[in-house]
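*Asks:* Okay, so here is work-v1.txt, and as you'll see once you scroll down, it has compact mmCIF, C-alpha atoms.
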```txt
# COMPACT_ATOMS: atom_id res chain seq x y z
CA ASN Y 18 0.00 0.00 0.00
CA ALA Y 19 1.64 3.21 -1.26
CA GLY Y 20 -0.23 5.81 0.85
CA VAL Y 21 0.84 9.32 -0.24
CA THR Y 22 3.40 9.52 -3.03
CA GLN Y 23 5.30 12.70 -3.95
CA THR Y 24 7.52 13.37 -6.94
CA PRO Y 25 10.19 14.53 -7.45
CA LYS Y 26 12.20 13.98 -4.26
CA PHE Y 27 14.71 16.71 -5.06
CA ARG Y 28 14.76 19.64 -7.47
CA ILE Y 29 16.90 22.68 -8.12
CA LEU Y 30 15.25 25.61 -9.88
CA LYS Y 31 16.61 28.87 -11.18
CA ILE Y 32 14.90 32.09 -10.15
CA GLY Y 33 11.88 32.71 -12.35
CA GLN Y 34 11.42 29.10 -13.45
CA SER Y 35 8.19 27.23 -12.86
CA MET Y 36 7.50 23.67 -11.81
CA THR Y 37 4.79 21.34 -10.56
CA LEU Y 38 5.16 19.14 -7.50
CA GLN Y 39 3.12 16.00 -7.88
CA CYS Y 40 1.13 14.31 -5.12
CA THR Y 41 -1.11 11.26 -5.33
CA GLN Y 42 -2.81 9.17 -2.64
CA ASP Y 43 -4.48 5.77 -2.85
CA MET Y 44 -6.51 5.88 0.39
CA ASN Y 45 -9.58 7.49 -1.14
CA HIS Y 46 -9.25 10.47 1.21
CA ASN Y 47 -11.26 13.55 0.33
CA TYR Y 48 -9.02 15.95 2.23
CA MET Y 49 -5.55 16.81 0.99
CA TYR Y 50 -2.97 19.38 2.07
CA TRP Y 51 0.26 20.99 0.99
CA TYR Y 52 2.74 22.16 3.63
CA ARG Y 53 6.14 23.71 3.53
CA GLN Y 54 8.69 22.95 6.21
CA ASP Y 55 11.39 25.49 7.00
CA PRO Y 56 14.09 24.94 9.66
CA GLY Y 57 12.85 25.88 13.12
CA MET Y 58 9.46 26.90 11.78
CA GLY Y 59 7.49 23.66 11.74
CA LEU Y 60 4.94 23.08 9.02
CA LYS Y 61 2.97 25.86 7.38
CA LEU Y 62 -0.15 25.11 5.39
CA ILE Y 63 -0.02 26.38 1.80
CA TYR Y 64 -3.26 25.08 0.28
CA TYR Y 65 -5.80 22.42 1.05
CA SER Y 66 -8.59 20.63 -0.77
CA VAL Y 67 -11.83 19.11 0.51
CA GLY Y 68 -12.53 17.10 -2.60
CA ALA Y 69 -12.21 17.01 -6.36
CA GLY Y 70 -12.70 20.49 -7.78
CA ILE Y 71 -12.57 22.31 -4.42
CA THR Y 72 -9.46 24.01 -3.06
CA ASP Y 73 -8.74 26.81 -0.62
CA LYS Y 74 -5.83 28.87 0.69
CA GLY Y 75 -3.93 28.07 3.85
CA GLU Y 76 -1.55 30.26 5.84
CA VAL Y 77 1.10 30.89 3.17
CA PRO Y 78 -0.46 30.62 -0.34
CA ASN Y 79 1.37 33.42 -2.13
CA GLY Y 80 3.43 32.23 -5.08
CA TYR Y 81 1.65 28.89 -5.35
CA ASN Y 82 -1.34 27.41 -7.11
CA VAL Y 83 -3.13 24.09 -6.84
CA SER Y 84 -5.74 22.06 -8.65
CA ARG Y 85 -7.73 18.96 -7.76
CA SER Y 86 -9.23 17.27 -10.78
CA THR Y 87 -9.45 13.82 -9.16
CA THR Y 88 -9.70 12.47 -5.62
CA GLU Y 89 -6.24 10.93 -5.94
CA ASP Y 90 -4.15 13.82 -7.27
CA PHE Y 91 -3.32 17.22 -5.78
CA PRO Y 92 -0.47 18.93 -7.67
CA LEU Y 93 1.19 22.12 -6.41
CA ARG Y 94 2.35 24.65 -8.98
CA LEU Y 95 5.14 27.16 -8.39
CA GLU Y 96 5.11 30.08 -10.80
CA LEU Y 97 8.14 32.36 -11.08
CA ALA Y 98 10.21 30.61 -8.42
CA ALA Y 99 11.94 32.81 -5.83
CA PRO Y 100 14.71 32.01 -3.30
CA SER Y 101 12.12 32.38 -0.51
CA GLN Y 102 10.46 29.24 -1.86
CA THR Y 103 13.48 27.11 -1.01
CA SER Y 104 11.99 24.61 1.41
CA VAL Y 105 10.84 21.05 1.91
CA TYR Y 106 7.31 20.49 0.67
CA PHE Y 107 4.99 17.86 2.10
CA CYS Y 108 1.71 16.62 0.78
CA ALA Y 109 -0.72 15.00 3.20
CA SER Y 110 -4.20 13.53 3.18
CA SER Y 111 -6.83 12.73 5.79
CA ARG Y 112 -10.25 11.12 6.03
CA SER Y 113 -11.63 14.03 8.03
CA PRO Y 114 -10.57 17.66 8.44
CA THR Y 115 -11.78 18.10 11.97
CA GLY Y 116 -10.71 17.31 15.50
CA ALA Y 117 -9.77 13.83 16.59
CA LYS Y 118 -10.34 12.31 13.17
CA ASN Y 119 -7.92 14.70 11.49
CA ILE Y 120 -5.11 12.13 11.31
CA GLN Y 121 -2.94 13.18 8.43
CA TYR Y 122 -0.85 10.84 6.31
CA PHE Y 123 2.24 12.39 4.78
CA GLY Y 124 4.34 11.81 1.71
CA ALA Y 125 8.14 11.63 1.93
CA GLY Y 126 8.55 15.23 0.78
CA THR Y 127 10.11 17.21 -2.05
CA ARG Y 128 13.29 19.14 -1.25
CA LEU Y 129 13.37 22.25 -3.44
CA SER Y 130 16.19 24.75 -3.84
CA VAL Y 131 15.76 27.98 -5.80
CA LEU Y 132 19.06 29.54 -6.83
CA ALA X 654 -7.27 29.72 17.38
CA GLN X 655 -4.84 27.03 18.37
CA SER X 656 -1.08 27.18 18.71
CA VAL X 657 1.70 24.94 19.95
CA THR X 658 5.07 25.66 21.52
CA GLN X 659 7.73 22.99 21.67
CA LEU X 660 10.41 23.75 24.24
CA GLY X 661 13.84 22.90 22.93
CA SER X 662 14.63 22.56 19.26
CA HIS X 663 17.23 19.89 19.99
CA VAL X 664 17.36 17.26 22.73
CA SER X 665 20.23 14.83 23.18
CA VAL X 666 20.08 11.74 25.40
CA SER X 667 22.17 8.65 25.93
CA GLU X 668 20.89 5.27 24.86
CA GLY X 669 18.83 3.82 27.70
CA ALA X 670 18.08 7.22 29.24
CA LEU X 671 14.68 8.82 29.71
CA VAL X 672 13.32 10.80 26.77
CA LEU X 673 11.25 13.90 27.58
CA LEU X 674 10.06 16.19 24.79
CA ARG X 675 8.00 19.18 25.89
CA CYS X 676 4.90 20.60 24.27
CA ASN X 677 2.60 23.36 25.50
CA TYR X 678 -0.52 24.35 23.67
CA SER X 679 -2.94 27.22 23.51
CA SER X 680 -6.54 26.60 22.59
CA SER X 681 -9.81 28.40 23.18
CA VAL X 682 -11.71 25.11 22.92
CA PRO X 683 -11.02 21.61 24.23
CA PRO X 684 -8.03 20.53 22.19
CA TYR X 685 -7.18 17.43 20.28
CA LEU X 686 -3.45 16.83 20.57
CA PHE X 687 -1.09 14.82 18.43
CA TRP X 688 2.55 13.81 18.31
CA TYR X 689 4.08 13.02 14.95
CA VAL X 690 7.55 11.61 14.26
CA GLN X 691 9.67 12.30 11.19
CA TYR X 692 12.55 9.96 10.47
CA PRO X 693 15.34 11.19 8.16
CA ASN X 694 14.20 11.68 4.58
CA GLN X 695 10.65 10.57 5.36
CA GLY X 696 7.30 12.24 5.89
CA LEU X 697 5.62 12.64 9.26
CA GLN X 698 3.78 9.71 10.79
CA LEU X 699 1.41 9.66 13.73
CA LEU X 700 2.94 8.57 17.03
CA LEU X 701 -0.08 9.07 19.30
CA LYS X 702 -3.09 11.30 19.84
CA TYR X 703 -5.23 12.59 22.69
CA THR X 704 -8.93 13.10 22.11
CA THR X 705 -10.98 12.72 25.28
CA GLY X 706 -11.00 10.40 28.27
CA ALA X 707 -7.79 8.94 29.70
CA THR X 708 -5.15 11.63 30.02
CA LEU X 709 -2.21 9.22 29.63
CA VAL X 710 -1.97 8.16 26.02
CA LYS X 711 0.21 5.33 24.77
CA GLY X 712 1.64 5.35 21.29
CA ILE X 713 3.88 3.27 19.10
CA ASN X 714 7.47 2.29 19.89
CA GLY X 715 7.04 2.67 23.67
CA PHE X 716 6.22 6.38 23.65
CA GLU X 717 3.50 7.91 25.77
CA ALA X 718 2.19 11.40 26.50
CA GLU X 719 0.16 12.88 29.30
CA PHE X 720 -2.46 15.58 28.81
CA LYS X 721 -2.40 18.08 31.67
CA LYS X 722 -5.12 20.64 31.26
CA SER X 723 -4.03 22.75 34.24
CA GLU X 724 -0.56 23.11 32.73
CA THR X 725 -1.76 23.20 29.08
CA SER X 726 0.89 20.61 28.35
CA PHE X 727 1.21 17.39 26.38
CA HIS X 728 4.76 16.20 26.96
CA LEU X 729 6.09 13.09 25.22
CA THR X 730 8.12 10.54 27.15
CA LYS X 731 9.83 7.21 26.73
CA PRO X 732 11.50 5.44 29.67
CA SER X 733 14.51 4.15 27.76
CA ALA X 734 15.85 5.67 24.55
CA HIS X 735 16.94 3.51 21.66
CA MET X 736 19.21 4.51 18.80
CA SER X 737 16.29 4.06 16.41
CA ASP X 738 14.38 6.84 18.22
CA ALA X 739 16.63 9.47 16.66
CA ALA X 740 14.24 11.63 14.63
CA GLU X 741 12.37 14.90 14.65
CA TYR X 742 9.19 15.07 16.71
CA PHE X 743 6.30 17.42 16.12
CA CYS X 744 3.49 18.29 18.48
CA ALA X 745 0.22 19.40 16.88
CA VAL X 746 -3.09 20.76 18.15
CA SER X 747 -6.50 20.76 16.53
CA GLY X 748 -9.77 22.19 17.70
CA SER X 749 -13.21 21.06 16.64
CA GLY X 750 -13.26 23.51 13.79
CA TYR X 751 -12.61 22.93 10.17
CA ASN X 752 -9.03 22.35 9.06
CA ASP X 753 -7.49 24.11 12.08
CA MET X 754 -4.57 21.82 12.88
CA ARG X 755 -1.38 23.66 13.85
CA PHE X 756 2.07 22.13 14.18
CA GLY X 757 4.89 23.08 16.51
CA ALA X 758 8.38 23.91 15.26
CA GLY X 759 9.68 20.44 16.04
CA THR X 760 12.28 18.93 18.38
CA ARG X 761 15.19 16.98 16.99
CA LEU X 762 16.10 14.02 19.22
CA THR X 763 19.65 12.69 19.13
CA VAL X 764 20.50 9.42 20.87
CA LYS X 765 24.13 8.88 21.84
CA PRO X 766 25.55 5.36 22.16
```
Have the structure of the file written as structure tokens, please.

*Replies:*
Amino acid sequence: NAGVTQTPKFRILKIGQSMTLQCTQDMNHNYMYWYRQDPGMGLKLIYYSVGAGITDKGEVPNGYNVSRSTTEDFPLRLELAAPSQTSVYFCASSRSPTGAKNIQYFGAGTRLSVL
Amino acid sequence: AQSVTQLGSHVSVSEGALVLLRCNYSSSVPPYLFWYVQYPNQGLQLLLKYTTGATLVKGINGFEAEFKKSETSFHLTKPSAHMSDAAEYFCAVSGSGYNDMRFGAGTRLTVKP
């Protein structure tokens, strides 16, 4: 059972380039999330989705876009990459978005450097 | 709104010693509390969670945490550290609202032989 799969694992971008981080889950979860993890800062929510076709902004959405055309896939798009977007990106999914049932399952992450 | 503070970004213990990782939370509603563990080059995985009821919660790999409402704390402990426990640990809090989970900054645990 794969769980949450992210690709690529590593990427180096030049300033101004664009890329898409891929995320897919096989647990039939409606709720999916994108986080960025910066040293000493924990995880910050970028975008989330409550189902196919429905997405919403999290704490730090600027410079990113998402789409959710299927239950399984939740890609994150970086347009015009900037050094401030150097980070580790995690995709997660959960069966429920609230309270005790909000157990999130994480992918292994994408380590992105923007130079 | 919920928030979490993890005291100590780095904790180092000897193998066989007690592990204590500290977490304090702030919540305007009864909180749901979680500890996640992140091994090198992996994503986070759930270690244990507190919902309601028993305040001492047991998780995987011999870890446990105690919910203390009066101290707004949810510290993680393990009686005897093992080399395989070396990882980063995140405390998280969620209320009953929609998509309101917040993670702490993390504590990196090093285990010395």

*Asks:* Choose the residue, out of Y:His46, Y:Lys74, Y:Lys31, Y:Lys26, that has the smallest atom-to-atom separation from Val105 (chain Y); count all atoms listed in the file.

*Replies:* Y:Lys26

*Asks:* As a PDB file with C-alpha atoms, keeping the file's coordinate frame, please: the residues near Ser737 (chain X) (cut-off 12 Å, all atoms listed in the file, same-chain neighbours under 5 positions excluded).

*Replies:*
```pdb
ATOM      1  CA  GLU X 668      20.890   5.270  24.860  1.00  0.00           C
ATOM      2  CA  GLY X 669      18.830   3.820  27.700  1.00  0.00           C
ATOM      3  CA  VAL X 690       7.550  11.610  14.260  1.00  0.00           C
ATOM      4  CA  GLN X 691       9.670  12.300  11.190  1.00  0.00           C
ATOM      5  CA  TYR X 692      12.550   9.960  10.470  1.00  0.00           C
ATOM      6  CA  PRO X 693      15.340  11.190   8.160  1.00  0.00           C
ATOM      7  CA  ASN X 714       7.470   2.290  19.890  1.00  0.00           C
ATOM      8  CA  GLY X 715       7.040   2.670  23.670  1.00  0.00           C
ATOM      9  CA  LEU X 762      16.100  14.020  19.220  1.00  0.00           C
ATOM     10  CA  THR X 763      19.650  12.690  19.130  1.00  0.00           C
ATOM     11  CA  VAL X 764      20.500   9.420  20.870  1.00  0.00           C
ATOM     12  CA  LYS X 765      24.130   8.880  21.840  1.00  0.00           C
ATOM     13  CA  PRO X 766      25.550   5.360  22.160  1.00  0.00           C
TER      14      PRO X 766
END
```

*Asks:* Should the cut-off be 9 Å, what would the residue list for chain Y against chain X look like, counting all atoms listed in the file, as a ChimeraX atom specification?

*Replies:* /Y:55-62,65,107-109,113-117,119-126

*Asks:* Quick one, how far is CA of Ser667 (chain X) from CA of Phe720 (chain X)?

*Replies:*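 Between CA of Ser667 (chain X) and CA of Phe720 (chain X) the gap works out to 25.7 Å.
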
*Asks:* Compare Y:Val83, Y:Cys40, Y:Ala99, Y:Ala19 by their minimum atom-to-atom distance to Ser130 (chain Y), counting only C-alpha atoms, and give me the closest one.

*Replies:*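 With only C-alpha atoms as the atom set, the closest residue is Y:Ala99.
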
*Asks:* Please, which residues are within 7 Å of (5.9, 7.7, 25.1) by the file's coordinates, counting only C-alpha atoms, and could they come as a list in words?

*Replies:*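 Final list of nearby residues, as requested, is Lys711, Gly712, Gly715, Phe716, Glu717, Ala718, Leu729, Thr730 and Lys731 of chain X.
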
*Asks:* Write the residues you've just listed into a file as an mmCIF file, keeping the file's coordinate frame, and include C-alpha atoms for each of them.

*Replies:*
```cif
data_model
loop_
_atom_site.group_PDB
_atom_site.id
_atom_site.type_symbol
_atom_site.label_atom_id
_atom_site.label_comp_id
_atom_site.auth_asym_id
_atom_site.auth_seq_id
_atom_site.Cartn_x
_atom_site.Cartn_y
_atom_site.Cartn_z
ATOM 1 C CA LYS X 711 0.210 5.330 24.770
ATOM 2 C CA GLY X 712 1.640 5.350 21.290
ATOM 3 C CA GLY X 715 7.040 2.670 23.670
ATOM 4 C CA PHE X 716 6.220 6.380 23.650
ATOM 5 C CA GLU X 717 3.500 7.910 25.770
ATOM 6 C CA ALA X 718 2.190 11.400 26.500
ATOM 7 C CA LEU X 729 6.090 13.090 25.220
ATOM 8 C CA THR X 730 8.120 10.540 27.150
ATOM 9 C CA LYS X 731 9.830 7.210 26.730
#
```

*Asks:* Expressed in Å to a single decimal, how great is the separation between CA of Glu724 (chain X) and CA of Thr658 (chain X)?

*Replies:*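 Calculated distance between CA of Glu724 (chain X) and CA of Thr658 (chain X) is 12.8 Å.
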
*Asks:* Quick one: residues within 9 Å of Asn45 (chain Y), all atoms listed in the file counted, chain neighbours fewer than 4 positions away excluded, as a PyMOL selection string?

*Replies:* chain Y and resi 88-89+112

*Asks:* Could you jot down the CA of Phe27 (chain Y) to CA of Leu129 (chain Y) separation for me, Å, one decimal place?

*Replies:*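 A separation of 5.9 Å between them.
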
*Asks:* Looking at X:Ile713, X:Ser680, X:Leu660, X:Ala670, which one is nearest to Met736 (chain X), with distances taken over only C-alpha atoms?

*Replies:*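 The closest residue to Met736 (chain X) is X:Ala670.
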
*Asks:* Counting only C-alpha atoms, figure out which residue out of Y:Met36, Y:Leu93, Y:Val131, Y:Met44 gets nearest to Tyr64 (chain Y).

*Replies:*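 Smallest distance to Tyr64 (chain Y) is found for Y:Leu93.
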
*Asks:* May I have the residues at most 12 Å from (-8.4, 28.7, -2.0) in the file's coordinates, counting only C-alpha atoms, as a ChimeraX atom specification?

*Replies:* /Y:50-51,62-67,70-79,81-85

*Asks:* With 3 Å of padding per side, what axis-aligned box (centre and edge lengths, Å, one decimal) covers all the listed atoms of region 718-732 of chain X? Give it as AutoDock Vina command-line options.

*Replies:*
```
--center_x 3.2 --center_y 14.3 --center_z 29.7 --size_x 22.6 --size_y 23.8 --size_z 15.0
```
